[in-house]
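Enquirer: Supplied structure: input_8.txt, compact mmCIF, N, CA and C atoms.
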# COMPACT_ATOMS: atom_id res chain seq x y z
N MET A 1 0.81 -1.19 0.00
CA MET A 1 0.00 0.00 0.00
C MET A 1 0.87 1.27 0.00
N ILE A 2 1.86 1.30 0.85
CA ILE A 2 2.75 2.46 0.91
C ILE A 2 3.50 2.61 -0.41
N LEU A 3 3.95 1.50 -0.96
CA LEU A 3 4.66 1.53 -2.23
C LEU A 3 3.76 2.10 -3.32
N GLY A 4 2.51 1.70 -3.33
CA GLY A 4 1.55 2.20 -4.31
C GLY A 4 1.37 3.70 -4.19
N CYS A 5 1.27 4.23 -2.97
CA CYS A 5 1.13 5.67 -2.75
C CYS A 5 2.36 6.42 -3.22
N LEU A 6 3.53 5.86 -2.95
CA LEU A 6 4.77 6.49 -3.39
C LEU A 6 4.85 6.54 -4.91
N LEU A 7 4.46 5.46 -5.56
CA LEU A 7 4.48 5.43 -7.02
C LEU A 7 3.52 6.46 -7.60
N VAL A 8 2.33 6.57 -7.06
CA VAL A 8 1.35 7.55 -7.54
C VAL A 8 1.88 8.96 -7.30
N ALA A 9 2.44 9.22 -6.14
CA ALA A 9 2.97 10.55 -5.82
C ALA A 9 4.11 10.92 -6.75
N SER A 10 4.97 9.95 -7.08
CA SER A 10 6.10 10.26 -7.95
C SER A 10 5.64 10.52 -9.37
N CYS A 11 4.56 9.94 -9.80
CA CYS A 11 4.03 10.16 -11.15
C CYS A 11 3.35 11.51 -11.26
N GLN A 12 2.93 12.09 -10.15
CA GLN A 12 2.21 13.35 -10.19
C GLN A 12 3.15 14.55 -10.20
N ARG A 13 4.42 14.35 -10.01
CA ARG A 13 5.36 15.47 -10.04
C ARG A 13 5.43 16.06 -11.44
N LYS A 14 5.51 17.34 -11.48
CA LYS A 14 5.62 18.03 -12.77
C LYS A 14 7.08 18.11 -13.17
N ALA A 15 7.30 18.03 -14.48
CA ALA A 15 8.65 18.20 -14.99
C ALA A 15 9.08 19.65 -14.75
N PRO A 16 10.35 19.87 -14.45
CA PRO A 16 10.80 21.24 -14.21
C PRO A 16 10.63 22.09 -15.47
N ASN A 17 10.27 23.34 -15.26
CA ASN A 17 10.10 24.27 -16.38
C ASN A 17 11.35 25.12 -16.47
N TYR A 18 12.14 24.84 -17.46
CA TYR A 18 13.40 25.57 -17.61
C TYR A 18 13.20 26.88 -18.37
N GLY A 19 12.11 27.02 -19.12
CA GLY A 19 11.83 28.24 -19.85
C GLY A 19 12.82 28.45 -20.98
N PRO A 20 12.71 29.58 -21.63
CA PRO A 20 13.61 29.87 -22.75
C PRO A 20 15.03 30.14 -22.26
N SER A 21 15.98 29.83 -23.10
CA SER A 21 17.38 30.08 -22.74
C SER A 21 17.67 31.57 -22.82
N GLU A 22 18.78 31.97 -22.27
CA GLU A 22 19.19 33.38 -22.31
C GLU A 22 19.35 33.84 -23.77
N ALA A 23 19.91 32.97 -24.61
CA ALA A 23 20.08 33.30 -26.02
C ALA A 23 18.73 33.49 -26.71
N GLU A 24 17.76 32.63 -26.39
CA GLU A 24 16.43 32.75 -26.99
C GLU A 24 15.74 34.04 -26.55
N VAL A 25 15.92 34.41 -25.30
CA VAL A 25 15.34 35.65 -24.78
C VAL A 25 15.96 36.85 -25.50
N LYS A 26 17.28 36.81 -25.69
CA LYS A 26 17.97 37.91 -26.36
C LYS A 26 17.54 38.03 -27.82
N ILE A 27 17.43 36.91 -28.51
CA ILE A 27 17.00 36.91 -29.91
C ILE A 27 15.58 37.45 -30.01
N ASP A 28 14.72 37.04 -29.09
CA ASP A 28 13.34 37.52 -29.07
C ASP A 28 13.31 39.03 -28.84
N ARG A 29 14.12 39.51 -27.90
CA ARG A 29 14.16 40.95 -27.60
C ARG A 29 14.68 41.73 -28.80
N LEU A 30 15.71 41.21 -29.48
CA LEU A 30 16.23 41.89 -30.67
C LEU A 30 15.15 42.01 -31.74
N GLY A 31 14.41 40.94 -31.96
CA GLY A 31 13.33 40.96 -32.95
C GLY A 31 12.25 41.96 -32.59
N LYS A 32 11.86 41.99 -31.32
CA LYS A 32 10.84 42.94 -30.87
C LYS A 32 11.33 44.38 -31.02
N LEU A 33 12.58 44.62 -30.66
CA LEU A 33 13.14 45.98 -30.80
C LEU A 33 13.14 46.42 -32.25
N ARG A 34 13.56 45.55 -33.14
CA ARG A 34 13.58 45.89 -34.57
C ARG A 34 12.17 46.21 -35.06
N ASN A 35 11.18 45.44 -34.62
CA ASN A 35 9.79 45.70 -35.00
C ASN A 35 9.30 47.04 -34.43
N GLU A 36 9.66 47.33 -33.19
CA GLU A 36 9.26 48.58 -32.57
C GLU A 36 9.89 49.78 -33.28
N ILE A 37 11.15 49.64 -33.67
CA ILE A 37 11.83 50.71 -34.40
C ILE A 37 11.18 50.89 -35.77
N ALA A 38 10.86 49.81 -36.43
CA ALA A 38 10.18 49.90 -37.73
C ALA A 38 8.85 50.62 -37.59
N ALA A 39 8.13 50.36 -36.51
CA ALA A 39 6.84 51.03 -36.29
C ALA A 39 7.03 52.52 -36.00
N LEU A 40 8.16 52.89 -35.42
CA LEU A 40 8.45 54.30 -35.10
C LEU A 40 8.98 55.08 -36.30
N THR A 41 9.37 54.40 -37.36
CA THR A 41 10.04 55.06 -38.48
C THR A 41 9.32 54.81 -39.81
N PRO A 42 8.10 55.32 -39.94
CA PRO A 42 7.37 55.10 -41.20
C PRO A 42 8.00 55.91 -42.34
N PRO A 43 8.08 55.34 -43.52
CA PRO A 43 8.65 56.08 -44.65
C PRO A 43 7.68 57.09 -45.27
N ARG A 44 6.38 56.92 -45.05
CA ARG A 44 5.37 57.76 -45.70
C ARG A 44 4.91 58.90 -44.79
N GLY A 45 4.36 59.94 -45.44
CA GLY A 45 3.74 61.03 -44.70
C GLY A 45 4.43 62.37 -44.82
N CYS A 46 5.53 62.45 -45.52
CA CYS A 46 6.25 63.71 -45.64
C CYS A 46 5.78 64.50 -46.86
N GLN A 47 5.89 65.83 -46.73
CA GLN A 47 5.57 66.74 -47.83
C GLN A 47 6.84 67.30 -48.48
N LYS A 48 7.93 67.35 -47.70
CA LYS A 48 9.20 67.92 -48.17
C LYS A 48 10.33 66.94 -47.90
N VAL A 49 11.32 66.95 -48.77
CA VAL A 49 12.47 66.05 -48.59
C VAL A 49 13.23 66.37 -47.31
N SER A 50 13.16 67.60 -46.84
CA SER A 50 13.85 67.97 -45.60
C SER A 50 13.26 67.26 -44.39
N GLU A 51 12.07 66.70 -44.52
CA GLU A 51 11.44 65.95 -43.43
C GLU A 51 11.91 64.49 -43.41
N CYS A 52 12.58 64.06 -44.46
CA CYS A 52 13.11 62.70 -44.54
C CYS A 52 14.43 62.63 -43.78
N LYS A 53 14.61 61.59 -43.02
CA LYS A 53 15.81 61.42 -42.20
C LYS A 53 16.38 60.01 -42.37
N ALA A 54 17.66 59.89 -42.10
CA ALA A 54 18.33 58.58 -42.04
C ALA A 54 18.83 58.42 -40.61
N HIS A 55 18.35 57.40 -39.91
CA HIS A 55 18.71 57.18 -38.51
C HIS A 55 19.63 55.97 -38.39
N PRO A 56 20.75 56.11 -37.68
CA PRO A 56 21.68 54.98 -37.50
C PRO A 56 21.09 53.91 -36.58
N LEU A 57 21.33 52.66 -36.94
CA LEU A 57 20.83 51.53 -36.15
C LEU A 57 21.89 50.47 -35.95
N GLY A 58 21.91 49.89 -34.77
CA GLY A 58 22.70 48.70 -34.50
C GLY A 58 24.16 48.95 -34.21
N TYR A 59 24.84 47.85 -33.98
CA TYR A 59 26.26 47.84 -33.63
C TYR A 59 27.10 47.33 -34.79
N ASN A 60 28.17 48.03 -35.06
CA ASN A 60 29.12 47.61 -36.08
C ASN A 60 30.50 47.58 -35.44
N ARG A 61 31.14 46.43 -35.44
CA ARG A 61 32.45 46.32 -34.78
C ARG A 61 33.51 47.21 -35.44
N CYS A 62 33.24 47.69 -36.65
CA CYS A 62 34.16 48.61 -37.35
C CYS A 62 33.98 50.04 -36.87
N GLY A 63 32.96 50.27 -36.07
CA GLY A 63 32.61 51.61 -35.64
C GLY A 63 31.38 52.08 -36.39
N GLY A 64 30.65 52.96 -35.76
CA GLY A 64 29.43 53.46 -36.37
C GLY A 64 28.31 52.43 -36.31
N PRO A 65 27.21 52.73 -37.00
CA PRO A 65 26.06 51.83 -36.96
C PRO A 65 26.21 50.65 -37.92
N ARG A 66 25.34 49.65 -37.72
CA ARG A 66 25.29 48.50 -38.63
C ARG A 66 24.57 48.87 -39.91
N GLN A 67 23.58 49.77 -39.80
CA GLN A 67 22.79 50.19 -40.95
C GLN A 67 22.09 51.51 -40.63
N PHE A 68 21.40 52.05 -41.61
CA PHE A 68 20.58 53.24 -41.43
C PHE A 68 19.16 52.92 -41.86
N VAL A 69 18.19 53.52 -41.18
CA VAL A 69 16.80 53.40 -41.58
C VAL A 69 16.36 54.78 -42.07
N VAL A 70 15.74 54.82 -43.24
CA VAL A 70 15.24 56.06 -43.81
C VAL A 70 13.76 56.16 -43.47
N TYR A 71 13.35 57.32 -42.96
CA TYR A 71 11.97 57.48 -42.51
C TYR A 71 11.53 58.93 -42.62
N CYS A 72 10.22 59.12 -42.52
CA CYS A 72 9.62 60.45 -42.47
C CYS A 72 9.56 60.88 -41.01
N SER A 73 10.17 62.01 -40.70
CA SER A 73 10.28 62.46 -39.31
C SER A 73 9.00 63.10 -38.77
N GLN A 74 8.02 63.37 -39.61
CA GLN A 74 6.78 64.00 -39.17
C GLN A 74 6.05 63.10 -38.16
N GLY A 75 5.85 63.61 -36.96
CA GLY A 75 5.10 62.89 -35.94
C GLY A 75 5.87 61.77 -35.25
N VAL A 76 7.16 61.64 -35.54
CA VAL A 76 7.96 60.58 -34.92
C VAL A 76 8.42 61.03 -33.53
N ASP A 77 8.31 60.14 -32.56
CA ASP A 77 8.80 60.39 -31.20
C ASP A 77 10.31 60.13 -31.20
N GLY A 78 11.07 61.19 -31.40
CA GLY A 78 12.52 61.08 -31.51
C GLY A 78 13.19 60.49 -30.28
N GLU A 79 12.67 60.82 -29.10
CA GLU A 79 13.25 60.29 -27.86
C GLU A 79 13.04 58.79 -27.76
N ALA A 80 11.84 58.33 -28.10
CA ALA A 80 11.56 56.89 -28.06
C ALA A 80 12.43 56.17 -29.07
N LEU A 81 12.57 56.75 -30.26
CA LEU A 81 13.42 56.15 -31.29
C LEU A 81 14.86 56.04 -30.80
N GLN A 82 15.37 57.08 -30.17
CA GLN A 82 16.75 57.05 -29.68
C GLN A 82 16.92 56.02 -28.57
N ARG A 83 15.96 55.93 -27.65
CA ARG A 83 16.04 54.94 -26.56
C ARG A 83 16.08 53.52 -27.14
N LYS A 84 15.20 53.24 -28.08
CA LYS A 84 15.16 51.90 -28.67
C LYS A 84 16.41 51.62 -29.49
N SER A 85 16.91 52.63 -30.18
CA SER A 85 18.15 52.48 -30.95
C SER A 85 19.34 52.19 -30.03
N ASP A 86 19.39 52.90 -28.91
CA ASP A 86 20.47 52.67 -27.94
C ASP A 86 20.40 51.25 -27.38
N GLU A 87 19.20 50.79 -27.08
CA GLU A 87 19.03 49.43 -26.55
C GLU A 87 19.44 48.39 -27.60
N LEU A 88 19.03 48.63 -28.85
CA LEU A 88 19.41 47.72 -29.93
C LEU A 88 20.93 47.66 -30.08
N HIS A 89 21.57 48.82 -30.05
CA HIS A 89 23.03 48.88 -30.16
C HIS A 89 23.69 48.07 -29.06
N LYS A 90 23.22 48.26 -27.83
CA LYS A 90 23.79 47.56 -26.68
C LYS A 90 23.64 46.04 -26.82
N LEU A 91 22.43 45.59 -27.18
CA LEU A 91 22.19 44.15 -27.32
C LEU A 91 23.00 43.55 -28.47
N GLU A 92 23.08 44.26 -29.59
CA GLU A 92 23.87 43.75 -30.72
C GLU A 92 25.36 43.72 -30.39
N GLU A 93 25.82 44.71 -29.64
CA GLU A 93 27.23 44.73 -29.23
C GLU A 93 27.53 43.54 -28.32
N GLU A 94 26.66 43.28 -27.35
CA GLU A 94 26.85 42.13 -26.45
C GLU A 94 26.87 40.83 -27.26
N GLU A 95 25.94 40.72 -28.20
CA GLU A 95 25.85 39.51 -29.02
C GLU A 95 27.12 39.34 -29.86
N ALA A 96 27.58 40.41 -30.48
CA ALA A 96 28.78 40.35 -31.32
C ALA A 96 30.01 39.96 -30.50
N LYS A 97 30.13 40.49 -29.30
CA LYS A 97 31.29 40.20 -28.46
C LYS A 97 31.26 38.78 -27.89
N SER A 98 30.07 38.18 -27.85
CA SER A 98 29.97 36.80 -27.34
C SER A 98 30.22 35.77 -28.44
N GLN A 99 30.24 36.21 -29.69
CA GLN A 99 30.48 35.31 -30.81
C GLN A 99 31.98 35.02 -30.95
N GLY A 100 32.31 34.00 -31.69
CA GLY A 100 33.70 33.65 -31.93
C GLY A 100 34.35 34.58 -32.93
N GLU A 101 34.73 34.05 -34.06
CA GLU A 101 35.41 34.81 -35.12
C GLU A 101 34.45 35.84 -35.71
N PRO A 102 34.83 37.13 -35.68
CA PRO A 102 33.94 38.15 -36.24
C PRO A 102 33.92 38.11 -37.77
N PRO A 103 32.81 38.53 -38.36
CA PRO A 103 32.74 38.58 -39.81
C PRO A 103 33.63 39.71 -40.35
N PRO A 104 33.88 39.73 -41.64
CA PRO A 104 34.69 40.82 -42.20
C PRO A 104 34.07 42.18 -41.86
N CYS A 105 34.93 43.15 -41.70
CA CYS A 105 34.49 44.48 -41.29
C CYS A 105 34.02 45.29 -42.49
N LYS A 106 32.83 45.88 -42.36
CA LYS A 106 32.28 46.72 -43.41
C LYS A 106 31.50 47.86 -42.77
N LYS A 107 31.89 49.09 -43.07
CA LYS A 107 31.22 50.25 -42.48
C LYS A 107 29.95 50.59 -43.25
N ALA A 108 28.91 50.95 -42.51
CA ALA A 108 27.67 51.42 -43.12
C ALA A 108 27.84 52.89 -43.49
N VAL A 109 27.34 53.26 -44.64
CA VAL A 109 27.44 54.64 -45.11
C VAL A 109 26.05 55.27 -45.02
N GLU A 110 26.00 56.46 -44.43
CA GLU A 110 24.71 57.14 -44.32
C GLU A 110 24.19 57.47 -45.71
N PRO A 111 22.97 57.04 -46.01
CA PRO A 111 22.45 57.27 -47.35
C PRO A 111 21.94 58.70 -47.53
N GLN A 112 21.95 59.14 -48.77
CA GLN A 112 21.25 60.37 -49.12
C GLN A 112 19.78 59.98 -49.24
N VAL A 113 18.91 60.89 -48.83
CA VAL A 113 17.48 60.57 -48.86
C VAL A 113 16.78 61.37 -49.95
N GLU A 114 15.66 60.82 -50.41
CA GLU A 114 14.82 61.51 -51.37
C GLU A 114 13.36 61.25 -51.02
N LEU A 115 12.49 62.08 -51.56
CA LEU A 115 11.06 61.94 -51.33
C LEU A 115 10.41 61.63 -52.66
N VAL A 116 9.73 60.49 -52.73
CA VAL A 116 9.05 60.06 -53.95
C VAL A 116 7.60 59.73 -53.59
N ASP A 117 6.68 60.49 -54.15
CA ASP A 117 5.25 60.28 -53.90
C ASP A 117 4.91 60.20 -52.41
N GLY A 118 5.49 61.11 -51.63
CA GLY A 118 5.20 61.17 -50.20
C GLY A 118 5.91 60.14 -49.35
N SER A 119 6.80 59.38 -49.97
CA SER A 119 7.52 58.34 -49.24
C SER A 119 9.03 58.61 -49.27
N CYS A 120 9.65 58.57 -48.10
CA CYS A 120 11.09 58.78 -48.00
C CYS A 120 11.81 57.48 -48.33
N ARG A 121 12.93 57.60 -49.04
CA ARG A 121 13.74 56.44 -49.35
C ARG A 121 15.18 56.88 -49.60
N SER A 122 16.08 55.93 -49.62
CA SER A 122 17.48 56.25 -49.90
C SER A 122 17.66 56.32 -51.41
N LYS A 123 18.59 57.21 -51.82
CA LYS A 123 18.88 57.37 -53.25
C LYS A 123 19.72 56.23 -53.75
Could you render the structure as structure tokens?

Expert:
Amino acid sequence: MILGCLLVASCQRKAPNYGPSEAEVKIDRLGKLRNEIAALTPPRGCQKVSECKAHPLGYNRCGGPRQFVVYCSQGVDGEALQRKSDELHKLEEEEAKSQGEPPPCKKAVEPQVELVDGSCRSK
């Protein structure tokens, strides 16, 4: 009888929940940040090319950003964009430094912007 109770009790234990790994959490956060930045930087809505901007994004081991995003600055929360950009840079830098052999070095060049049919884009 005691053995039977012990067997039943041992079968009712739940498997430990280890959750996502640190790497999975970081990858998920990077993806969410990129989506949030994309939502903050719409290319449409400008009337003048002077309203079009190129914002630096990410970490580049060569210095400077990994890339630039071209967007219409009308109605954009610049402070929120900068906070998210800073967080993205930090996470990408941590990720790059945790990797083994770095890829070849290539600097991102800030694009010239143009306005075509109300949409900002790089030339």

Enquirer: Enter the distance from atom CA of Val113 of chain A to atom CA of Val76 of chain A, in Å, rounded to one decimal.

Expert: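 Rounded to one decimal, the two atoms are 16.9 Å apart.
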
Enquirer: I need every residue sitting at most 7 Å from the point (15.7, 44.2, -26.2) (coordinates as in the file, all atoms listed in the file considered), written as a ChimeraX atom specification.

Expert: /A:26,28-33,87-88,91

Enquirer: Go ahead and save the residues from that selection, with N, CA and C atoms, as an mmCIF file, in the coordinates of the input.

Expert:
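part.cif, freshly written:
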data_model
loop_
_atom_site.group_PDB
_atom_site.id
_atom_site.type_symbol
_atom_site.label_atom_id
_atom_site.label_comp_id
_atom_site.auth_asym_id
_atom_site.auth_seq_id
_atom_site.Cartn_x
_atom_site.Cartn_y
_atom_site.Cartn_z
ATOM 1 N N LYS A 26 17.280 36.810 -25.690
ATOM 2 C CA LYS A 26 17.970 37.910 -26.360
ATOM 3 C C LYS A 26 17.540 38.030 -27.820
ATOM 4 N N ASP A 28 14.720 37.040 -29.090
ATOM 5 C CA ASP A 28 13.340 37.520 -29.070
ATOM 6 C C ASP A 28 13.310 39.030 -28.840
ATOM 7 N N ARG A 29 14.120 39.510 -27.900
ATOM 8 C CA ARG A 29 14.160 40.950 -27.600
ATOM 9 C C ARG A 29 14.680 41.730 -28.800
ATOM 10 N N LEU A 30 15.710 41.210 -29.480
ATOM 11 C CA LEU A 30 16.230 41.890 -30.670
ATOM 12 C C LEU A 30 15.150 42.010 -31.740
ATOM 13 N N GLY A 31 14.410 40.940 -31.960
ATOM 14 C CA GLY A 31 13.330 40.960 -32.950
ATOM 15 C C GLY A 31 12.250 41.960 -32.590
ATOM 16 N N LYS A 32 11.860 41.990 -31.320
ATOM 17 C CA LYS A 32 10.840 42.940 -30.870
ATOM 18 C C LYS A 32 11.330 44.380 -31.020
ATOM 19 N N LEU A 33 12.580 44.620 -30.660
ATOM 20 C CA LEU A 33 13.140 45.980 -30.800
ATOM 21 C C LEU A 33 13.140 46.420 -32.250
ATOM 22 N N GLU A 87 19.200 50.790 -27.080
ATOM 23 C CA GLU A 87 19.030 49.430 -26.550
ATOM 24 C C GLU A 87 19.440 48.390 -27.600
ATOM 25 N N LEU A 88 19.030 48.630 -28.850
ATOM 26 C CA LEU A 88 19.410 47.720 -29.930
ATOM 27 C C LEU A 88 20.930 47.660 -30.080
ATOM 28 N N LEU A 91 22.430 45.590 -27.180
ATOM 29 C CA LEU A 91 22.190 44.150 -27.320
ATOM 30 C C LEU A 91 23.000 43.550 -28.470
#

Enquirer: Got a sec to check which residues sit within 9 Å of (24.6, 47.6, -30.0), counting only C-alpha atoms, and write them as a PyMOL selection string?

Expert: chain A and resi 57-60+65-66+85-96

Enquirer: For segment 104-110 of chain A, list every protein, DNA or RNA residue within 10 Å, evaluated using only C-alpha atoms, and leave out those in the same chain fewer than 6 positions away; present the list as a list in words.

Expert: Ala54, His55, Pro56, Leu57, Asn60, Arg61, Cys62, Gly63, Gly64, Pro65, Arg66, Gln67, Phe68, Val69, Val70 and Ser122 of chain A

Enquirer: Could you please determine the separation between atom CA of Tyr71 of chain A and atom C of Ser119 of chain A in Å, to one decimal place?

Expert: 7.5 Å

Enquirer: To one decimal place, how far is atom C of Gly100 of chain A from atom N of Ile37 of chain A in Å?

Expert: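 About the pair atom C of Gly100 of chain A and atom N of Ile37 of chain A: they are 27.7 Å apart.
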
Enquirer: Could you list, as a tab-separated table (two decimals) with N, CA and C atoms, in the coordinates of the input, every residue within 7 Å of Gln74 of chain A, counting only C-alpha atoms and ignoring same-chain residues fewer than 2 positions away?

Expert:
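The result, stored in result22.tsv:
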chain	number	residue	atom	x	y	z
A	45	GLY	N	4.36	59.94	-45.44
A	45	GLY	CA	3.74	61.03	-44.70
A	45	GLY	C	4.43	62.37	-44.82
A	46	CYS	N	5.53	62.45	-45.52
A	46	CYS	CA	6.25	63.71	-45.64
A	46	CYS	C	5.78	64.50	-46.86
A	51	GLU	N	12.07	66.70	-44.52
A	51	GLU	CA	11.44	65.95	-43.43
A	51	GLU	C	11.91	64.49	-43.41
A	72	CYS	N	10.22	59.12	-42.52
A	72	CYS	CA	9.62	60.45	-42.47
A	72	CYS	C	9.56	60.88	-41.01
A	76	VAL	N	7.16	61.64	-35.54
A	76	VAL	CA	7.96	60.58	-34.92
A	76	VAL	C	8.42	61.03	-33.53

Enquirer: Put the listed atoms of segment 58-75 of chain A in a box along x, y and z with 5 Å added on every side and give me the centre and edge lengths in Å to one decimal, as lines of an AutoDock Vina configuration file.

Expert:
center_x = 19.6
center_y = 55.2
center_z = -38.7
size_x = 39.1
size_y = 27.7
size_z = 20.2

Enquirer: Return as an NGL selection string the full set of residues in chain A whose backbone-based DSSP assignment is strand (DSSP E).

Expert: :A and (52-57 or 67-72 or 113-116 or 119-122)

Enquirer: Once DSSP has gone over the backbone, tell me which residues of segment 27-110 of chain A are in helix (DSSP H, G or I), as JSON, numbers by chain.

Expert: {"A": [27, 28, 29, 30, 31, 32, 33, 34, 35, 36, 37, 38, 39, 40, 49, 50, 51, 78, 79, 80, 81, 82, 83, 84, 85, 86, 87, 88, 89, 90, 91, 92, 93, 94, 95, 96, 97, 98]}

Enquirer: With N, CA and C atoms retained, write the just-selected residues as a JSON list (two decimals), in the frame of the given file.

Expert:
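Listed below is the output, again-v8.json:
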[["chain", "number", "residue", "atom", "x", "y", "z"],
["A", 27, "ILE", "N", 17.43, 36.91, -28.51],
["A", 27, "ILE", "CA", 17.00, 36.91, -29.91],
["A", 27, "ILE", "C", 15.58, 37.45, -30.01],
["A", 28, "ASP", "N", 14.72, 37.04, -29.09],
["A", 28, "ASP", "CA", 13.34, 37.52, -29.07],
["A", 28, "ASP", "C", 13.31, 39.03, -28.84],
["A", 29, "ARG", "N", 14.12, 39.51, -27.90],
["A", 29, "ARG", "CA", 14.16, 40.95, -27.60],
["A", 29, "ARG", "C", 14.68, 41.73, -28.80],
["A", 30, "LEU", "N", 15.71, 41.21, -29.48],
["A", 30, "LEU", "CA", 16.23, 41.89, -30.67],
["A", 30, "LEU", "C", 15.15, 42.01, -31.74],
["A", 31, "GLY", "N", 14.41, 40.94, -31.96],
["A", 31, "GLY", "CA", 13.33, 40.96, -32.95],
["A", 31, "GLY", "C", 12.25, 41.96, -32.59],
["A", 32, "LYS", "N", 11.86, 41.99, -31.32],
["A", 32, "LYS", "CA", 10.84, 42.94, -30.87],
["A", 32, "LYS", "C", 11.33, 44.38, -31.02],
["A", 33, "LEU", "N", 12.58, 44.62, -30.66],
["A", 33, "LEU", "CA", 13.14, 45.98, -30.80],
["A", 33, "LEU", "C", 13.14, 46.42, -32.25],
["A", 34, "ARG", "N", 13.56, 45.55, -33.14],
["A", 34, "ARG", "CA", 13.58, 45.89, -34.57],
["A", 34, "ARG", "C", 12.17, 46.21, -35.06],
["A", 35, "ASN", "N", 11.18, 45.44, -34.62],
["A", 35, "ASN", "CA", 9.79, 45.70, -35.00],
["A", 35, "ASN", "C", 9.30, 47.04, -34.43],
["A", 36, "GLU", "N", 9.66, 47.33, -33.19],
["A", 36, "GLU", "CA", 9.26, 48.58, -32.57],
["A", 36, "GLU", "C", 9.89, 49.78, -33.28],
["A", 37, "ILE", "N", 11.15, 49.64, -33.67],
["A", 37, "ILE", "CA", 11.83, 50.71, -34.40],
["A", 37, "ILE", "C", 11.18, 50.89, -35.77],
["A", 38, "ALA", "N", 10.86, 49.81, -36.43],
["A", 38, "ALA", "CA", 10.18, 49.90, -37.73],
["A", 38, "ALA", "C", 8.85, 50.62, -37.59],
["A", 39, "ALA", "N", 8.13, 50.36, -36.51],
["A", 39, "ALA", "CA", 6.84, 51.03, -36.29],
["A", 39, "ALA", "C", 7.03, 52.52, -36.00],
["A", 40, "LEU", "N", 8.16, 52.89, -35.42],
["A", 40, "LEU", "CA", 8.45, 54.30, -35.10],
["A", 40, "LEU", "C", 8.98, 55.08, -36.30],
["A", 49, "VAL", "N", 11.32, 66.95, -48.77],
["A", 49, "VAL", "CA", 12.47, 66.05, -48.59],
["A", 49, "VAL", "C", 13.23, 66.37, -47.31],
["A", 50, "SER", "N", 13.16, 67.60, -46.84],
["A", 50, "SER", "CA", 13.85, 67.97, -45.60],
["A", 50, "SER", "C", 13.26, 67.26, -44.39],
["A", 51, "GLU", "N", 12.07, 66.70, -44.52],
["A", 51, "GLU", "CA", 11.44, 65.95, -43.43],
["A", 51, "GLU", "C", 11.91, 64.49, -43.41],
["A", 78, "GLY", "N", 11.07, 61.19, -31.40],
["A", 78, "GLY", "CA", 12.52, 61.08, -31.51],
["A", 78, "GLY", "C", 13.19, 60.49, -30.28],
["A", 79, "GLU", "N", 12.67, 60.82, -29.10],
["A", 79, "GLU", "CA", 13.25, 60.29, -27.86],
["A", 79, "GLU", "C", 13.04, 58.79, -27.76],
["A", 80, "ALA", "N", 11.84, 58.33, -28.10],
["A", 80, "ALA", "CA", 11.56, 56.89, -28.06],
["A", 80, "ALA", "C", 12.43, 56.17, -29.07],
["A", 81, "LEU", "N", 12.57, 56.75, -30.26],
["A", 81, "LEU", "CA", 13.42, 56.15, -31.29],
["A", 81, "LEU", "C", 14.86, 56.04, -30.80],
["A", 82, "GLN", "N", 15.37, 57.08, -30.17],
["A", 82, "GLN", "CA", 16.75, 57.05, -29.68],
["A", 82, "GLN", "C", 16.92, 56.02, -28.57],
["A", 83, "ARG", "N", 15.96, 55.93, -27.65],
["A", 83, "ARG", "CA", 16.04, 54.94, -26.56],
["A", 83, "ARG", "C", 16.08, 53.52, -27.14],
["A", 84, "LYS", "N", 15.20, 53.24, -28.08],
["A", 84, "LYS", "CA", 15.16, 51.90, -28.67],
["A", 84, "LYS", "C", 16.41, 51.62, -29.49],
["A", 85, "SER", "N", 16.91, 52.63, -30.18],
["A", 85, "SER", "CA", 18.15, 52.48, -30.95],
["A", 85, "SER", "C", 19.34, 52.19, -30.03],
["A", 86, "ASP", "N", 19.39, 52.90, -28.91],
["A", 86, "ASP", "CA", 20.47, 52.67, -27.94],
["A", 86, "ASP", "C", 20.40, 51.25, -27.38],
["A", 87, "GLU", "N", 19.20, 50.79, -27.08],
["A", 87, "GLU", "CA", 19.03, 49.43, -26.55],
["A", 87, "GLU", "C", 19.44, 48.39, -27.60],
["A", 88, "LEU", "N", 19.03, 48.63, -28.85],
["A", 88, "LEU", "CA", 19.41, 47.72, -29.93],
["A", 88, "LEU", "C", 20.93, 47.66, -30.08],
["A", 89, "HIS", "N", 21.57, 48.82, -30.05],
["A", 89, "HIS", "CA", 23.03, 48.88, -30.16],
["A", 89, "HIS", "C", 23.69, 48.07, -29.06],
["A", 90, "LYS", "N", 23.22, 48.26, -27.83],
["A", 90, "LYS", "CA", 23.79, 47.56, -26.68],
["A", 90, "LYS", "C", 23.64, 46.04, -26.82],
["A", 91, "LEU", "N", 22.43, 45.59, -27.18],
["A", 91, "LEU", "CA", 22.19, 44.15, -27.32],
["A", 91, "LEU", "C", 23.00, 43.55, -28.47],
["A", 92, "GLU", "N", 23.08, 44.26, -29.59],
["A", 92, "GLU", "CA", 23.87, 43.75, -30.72],
["A", 92, "GLU", "C", 25.36, 43.72, -30.39],
["A", 93, "GLU", "N", 25.82, 44.71, -29.64],
["A", 93, "GLU", "CA", 27.23, 44.73, -29.23],
["A", 93, "GLU", "C", 27.53, 43.54, -28.32],
["A", 94, "GLU", "N", 26.66, 43.28, -27.35],
["A", 94, "GLU", "CA", 26.85, 42.13, -26.45],
["A", 94, "GLU", "C", 26.87, 40.83, -27.26],
["A", 95, "GLU", "N", 25.94, 40.72, -28.20],
["A", 95, "GLU", "CA", 25.85, 39.51, -29.02],
["A", 95, "GLU", "C", 27.12, 39.34, -29.86],
["A", 96, "ALA", "N", 27.58, 40.41, -30.48],
["A", 96, "ALA", "CA", 28.78, 40.35, -31.32],
["A", 96, "ALA", "C", 30.01, 39.96, -30.50],
["A", 97, "LYS", "N", 30.13, 40.49, -29.30],
["A", 97, "LYS", "CA", 31.29, 40.20, -28.46],
["A", 97, "LYS", "C", 31.26, 38.78, -27.89],
["A", 98, "SER", "N", 30.07, 38.18, -27.85],
["A", 98, "SER", "CA", 29.97, 36.80, -27.34],
["A", 98, "SER", "C", 30.22, 35.77, -28.44]]
